Amino acid sequence: MSIAMSSDAETHVEEPQAAAPGLSRADFMMLTKFRLSTLVIVTTFFGFWLASRGGVNGMLLLHTVVGATLAAFAAGIFNQLMEIEPDAKMKRTASRPLPGRRVDPVVAFGLGWVLSAFSIIHLAKMVNLESSALAAATLLVYLFIYTPMKQRSSWNTVVGAVAGALPPLIGWTGAAGAPHAGEPSFRFALMVEPGAIYLFLLLFVWQMPHFLAINWMYRDEYRKGGFVMWANDDDSGAKTSMLCVVFSVMALLVALMPVVFGLTSSWFLIPAVLLNGLLLAKAWRFYMLRDRPTARKLFLFTLLHLPLMLGLTLLFWRHGA
C-alpha cells in the first residue's frame, strides 16, 4: 500500500490499484528473486567447472546454467504466489509485485509454469536426465516442503538449505553430459561423488549462519508474517547465536573435505581454515554480545565467505581427481 501526497498537501493512503497489464523489468526481477537467483547461477557454474575433466564444454555449460537459472526464477515466482498474504504483512516484502498488486497472480502463475517446465525439459533434452531431475527436486523441495513448512515448523531453515544446496549438483552432473554407450540412462553415482558431496555440504552449512542472522535481525517481521523461525522466540539471541556457532564449526570441518578426499592440493587447507576460522570468530562474537550489530557483521561476512571459498576451491582443485 503506497503513501502519496494530494494536491492540497494532505497525506492519504492510496487504495491498491489493480494489476497493470504487462510486466516491468523491475517487477520481473523482484518476482523472480533475481539477486537470490544469482547465487544459483554462480554455484551451478562452479559445480560444472569443477566437474569438467579434459576441458570445459562451453555450450553444455551454457545449457546447464540456463536451465538452472530458469528453475530458480520459477521457484521465486511460485514462492511469492504462495506467500502473498504473509508478504503483505511484512514491511520488507510488502512492496513486492504480488502483495503490491502490480502483477496479476494469474500472470505470475502462468509465467512460473512456463519457466519451470521449460527448465526441466531443456535440461533433460540439452544436458542430461540427472541435471533435470535435480532441478525438479529443487522445485519440489522448495515449493512443496520448505514454503508450507515456514508457517508450521522452525526446521524450515534446514529444509530450505537443502534446496539451496542442490544447484551446484545441477552443474556437477551437467558437466557429465549425455550418457556414453554402455552407461545407464540415469547415473545416480554422479550425485554422490566426493566433489558433489563437498559442494552440497559447502552450500548447506554456509546458508545456516547466513539465514539465521537474517532471521534474528528481522524476527519481528517474520512474526508479523506468521512465519515460524528459530529466532521468533529468541529475543535474547542465545539460541540463534549458538546455532550460528555450531554451523560455523561444521563449515570448518567441511573445509577439510577437499584435502581428505584428494580433490585439492594440501595448500588449500591454509586459506580455507583461516577463512572459516574468521567465520567462526564472527559467530562466536555474535554469541557473546547477542546484538544486532554483531548479527549484521556475521551476515555481511557470509556474503564474502562463500565466493572466497568457491574461489579457493577452484584455485587449488585437481581436475584429474
# chains A, B, ... in the order shown; residues from 1 in each chain; ligands from 1

$ residues_around --residues "A:Ala72" --least-positions-apart "2" --cutoff "10 Å" --atoms "only C-alpha atoms" --output "list in words"
Thr32, Lys33, Phe34, Leu36, Ser37, Thr38, Leu39, Val40, Ile41, Val66, Gly67, Ala68, Thr69, Leu70, Ala74, Ala75, Gly76, Ile77, Gly112, Leu115, Ser116, Ser119, Ala135, Thr138, Leu139, Tyr142, Gly164 and Pro167 of chain A

$ residues_around --residues "stretch 53-65 of chain A" --least-positions-apart "4" --cutoff "8 Å" --atoms "only C-alpha atoms" --output "mmCIF file with C-alpha atoms, in the first residue's frame"
data_model
loop_
_atom_site.group_PDB
_atom_site.id
_atom_site.type_symbol
_atom_site.label_atom_id
_atom_site.label_comp_id
_atom_site.auth_asym_id
_atom_site.auth_seq_id
_atom_site.Cartn_x
_atom_site.Cartn_y
_atom_site.Cartn_z
ATOM 1 C CA ILE A 41 23.877 -19.139 -11.467
ATOM 2 C CA THR A 44 25.818 -24.040 -10.910
ATOM 3 C CA PHE A 45 28.733 -22.601 -12.886
ATOM 4 C CA PHE A 48 30.045 -27.596 -13.744
ATOM 5 C CA TRP A 49 33.561 -26.165 -13.931
ATOM 6 C CA THR A 69 18.521 -20.263 -13.738
ATOM 7 C CA HIS A 122 15.563 -28.071 -21.521
ATOM 8 C CA LEU A 123 17.948 -29.755 -19.093
ATOM 9 C CA MET A 126 20.113 -30.447 -23.942
ATOM 10 C CA VAL A 127 22.129 -31.646 -20.913
ATOM 11 C CA SER A 131 20.575 -32.364 -14.021
ATOM 12 C CA ILE A 170 22.947 -29.495 -11.193
ATOM 13 C CA GLY A 171 26.198 -28.066 -12.529
ATOM 14 C CA GLY A 174 25.532 -31.382 -16.083
ATOM 15 C CA ALA A 175 29.249 -31.499 -16.837
ATOM 16 C CA GLY A 177 26.730 -34.584 -20.483
ATOM 17 C CA HIS A 319 40.724 -31.753 -12.170
ATOM 18 C CA GLY A 320 42.121 -35.221 -12.543
#

$ closest_atom_pairs --of "stretch 119-226 of chain A" --to "stretch 298-303 of chain A" --cutoff "8 Å" --atoms "only C-alpha atoms" --output "CSV"
residue,atom,partner,partner_atom,distance
A:Trp206,CA,A:Thr302,CA,7.3
A:Pro209,CA,A:Phe299,CA,7.3
A:His210,CA,A:Phe299,CA,5.3
A:Phe211,CA,A:Phe299,CA,7.8
A:Ala213,CA,A:Phe299,CA,5.7
A:Ile214,CA,A:Phe299,CA,6.9

$ write_last_selection --atoms "N, CA and C atoms" --output "short mmCIF file (atom, residue, chain, number, x, y, z; two decimals), in the first residue's frame"
data_model
loop_
_atom_site.label_atom_id
_atom_site.label_comp_id
_atom_site.auth_asym_id
_atom_site.auth_seq_id
_atom_site.Cartn_x
_atom_site.Cartn_y
_atom_site.Cartn_z
N TRP A 206 26.90 -23.18 4.75
CA TRP A 206 27.04 -21.72 4.59
C TRP A 206 25.71 -21.01 4.77
N PRO A 209 24.30 -20.06 9.02
CA PRO A 209 24.57 -18.79 9.71
C PRO A 209 24.10 -17.57 8.91
N HIS A 210 24.13 -17.69 7.59
CA HIS A 210 23.69 -16.59 6.72
C HIS A 210 22.23 -16.25 6.99
N PHE A 211 21.35 -17.26 6.92
CA PHE A 211 19.92 -17.02 7.10
C PHE A 211 19.51 -16.89 8.57
N ALA A 213 21.22 -15.36 10.85
CA ALA A 213 21.48 -13.96 11.20
C ALA A 213 20.36 -13.05 10.68
N ILE A 214 19.91 -13.30 9.45
CA ILE A 214 18.79 -12.52 8.89
C ILE A 214 17.54 -12.73 9.73
#

$ residues_around --residues "stretch 258-263 of chain A" --least-positions-apart "3" --cutoff "9 Å" --atoms "only C-alpha atoms" --output "list in words"
Pro194, Gly195, Tyr198, Val254, Ala255, Ser266, Trp267, Phe268, Leu269, Thr313, Phe316, Trp317, Arg318, His319, Gly320 and Ala321 of chain A

$ write_last_selection --atoms "N, CA and C atoms" --output "JSON list (two decimals), in the first residue's frame"
[["chain", "number", "residue", "atom", "x", "y", "z"],
["A", 194, "PRO", "N", 32.57, -37.65, -4.43],
["A", 194, "PRO", "CA", 33.10, -36.81, -3.34],
["A", 194, "PRO", "C", 33.00, -35.31, -3.63],
["A", 195, "GLY", "N", 33.27, -34.92, -4.87],
["A", 195, "GLY", "CA", 33.19, -33.50, -5.22],
["A", 195, "GLY", "C", 31.78, -32.96, -5.11],
["A", 198, "TYR", "N", 30.92, -32.61, -1.39],
["A", 198, "TYR", "CA", 31.59, -31.44, -0.84],
["A", 198, "TYR", "C", 30.85, -30.15, -1.19],
["A", 254, "VAL", "N", 33.82, -29.03, 7.02],
["A", 254, "VAL", "CA", 33.59, -29.25, 5.59],
["A", 254, "VAL", "C", 34.79, -28.77, 4.77],
["A", 255, "ALA", "N", 35.44, -27.72, 5.25],
["A", 255, "ALA", "CA", 36.61, -27.17, 4.53],
["A", 255, "ALA", "C", 37.77, -28.15, 4.48],
["A", 266, "SER", "N", 47.08, -29.91, -0.81],
["A", 266, "SER", "CA", 47.07, -29.67, 0.64],
["A", 266, "SER", "C", 47.19, -28.19, 0.98],
["A", 267, "TRP", "N", 47.68, -27.39, 0.03],
["A", 267, "TRP", "CA", 47.81, -25.95, 0.26],
["A", 267, "TRP", "C", 46.44, -25.28, 0.46],
["A", 268, "PHE", "N", 45.41, -25.93, 0.01],
["A", 268, "PHE", "CA", 44.06, -25.39, 0.17],
["A", 268, "PHE", "C", 43.71, -25.20, 1.65],
["A", 269, "LEU", "N", 44.26, -26.07, 2.50],
["A", 269, "LEU", "CA", 43.92, -26.03, 3.92],
["A", 269, "LEU", "C", 44.22, -24.70, 4.58],
["A", 313, "THR", "N", 38.53, -23.05, -3.75],
["A", 313, "THR", "CA", 38.31, -24.41, -4.23],
["A", 313, "THR", "C", 38.74, -24.53, -5.68],
["A", 316, "PHE", "N", 42.70, -24.34, -6.12],
["A", 316, "PHE", "CA", 43.51, -25.49, -5.70],
["A", 316, "PHE", "C", 42.94, -26.83, -6.18],
["A", 317, "TRP", "N", 41.92, -26.79, -7.03],
["A", 317, "TRP", "CA", 41.24, -28.01, -7.47],
["A", 317, "TRP", "C", 42.13, -28.88, -8.36],
["A", 318, "ARG", "N", 42.05, -30.18, -8.17],
["A", 318, "ARG", "CA", 42.76, -31.14, -9.03],
["A", 318, "ARG", "C", 41.73, -31.73, -9.99],
["A", 319, "HIS", "N", 41.74, -31.30, -11.21],
["A", 319, "HIS", "CA", 40.72, -31.75, -12.17],
["A", 319, "HIS", "C", 40.84, -33.22, -12.52],
["A", 320, "GLY", "N", 41.96, -33.80, -12.24],
["A", 320, "GLY", "CA", 42.12, -35.22, -12.54],
["A", 320, "GLY", "C", 41.62, -36.12, -11.43],
["A", 321, "ALA", "N", 41.19, -35.48, -10.30],
["A", 321, "ALA", "CA", 40.77, -36.28, -9.13],
["A", 321, "ALA", "C", 39.44, -36.96, -9.38]]

$ closest_residue --among "A:Leu23, A:Ile197, A:Glu130, A:Arg290" --to "A:Asp104" --atoms "only C-alpha atoms"
A:Leu23

$ closest_residue --among "A:Leu199, A:Asn128, A:Gly277, A:Ala136" --to "A:His180" --atoms "only C-alpha atoms"
A:Asn128

$ residues_around --residues "A:Met208" --least-positions-apart "6" --cutoff "8 Å" --atoms "only C-alpha atoms" --output "NGL selection string"
:A and (157-158 or 161 or 244 or 247)

$ write_last_selection --atoms "N, CA and C atoms" --output "mmCIF file, in the first residue's frame"
data_model
loop_
_atom_site.group_PDB
_atom_site.id
_atom_site.type_symbol
_atom_site.label_atom_id
_atom_site.label_comp_id
_atom_site.auth_asym_id
_atom_site.auth_seq_id
_atom_site.Cartn_x
_atom_site.Cartn_y
_atom_site.Cartn_z
ATOM 1 N N THR A 157 14.208 -23.835 8.007
ATOM 2 C CA THR A 157 15.509 -23.291 7.592
ATOM 3 C C THR A 157 16.430 -24.396 7.091
ATOM 4 N N VAL A 158 16.393 -25.538 7.753
ATOM 5 C CA VAL A 158 17.221 -26.678 7.336
ATOM 6 C C VAL A 158 16.755 -27.207 5.986
ATOM 7 N N ALA A 161 17.712 -24.921 3.267
ATOM 8 C CA ALA A 161 19.143 -25.022 2.961
ATOM 9 C C ALA A 161 19.440 -26.222 2.073
ATOM 10 N N CYS A 244 24.451 -20.536 15.145
ATOM 11 C CA CYS A 244 25.429 -19.967 14.210
ATOM 12 C C CYS A 244 26.826 -20.502 14.505
ATOM 13 N N PHE A 247 26.980 -24.288 13.331
ATOM 14 C CA PHE A 247 27.093 -24.456 11.885
ATOM 15 C C PHE A 247 28.395 -23.877 11.339
#

$ select_by_dssp --residues "stretch 91-320 of chain A" --states "alpha helix (DSSP H)" --output "ChimeraX atom specification"
/A:105-126,129-140,147-149,156-164,167-174,194-217,219-225,238-254,257-260,269-289,292-316

$ closest_residue --among "A:His305, A:Arg187, A:Arg101, A:Arg296" --to "A:Leu212" --atoms "only C-alpha atoms"
A:Arg296

$ closest_residue --among "A:Ala88, A:Val162, A:Leu306, A:Ala178" --to "A:Gly226" --atoms "only C-alpha atoms"
A:Ala88

$ atom_distance --atom1 "atom CA of A:Val159" --atom2 "atom CA of A:Met82"
16.9 Å
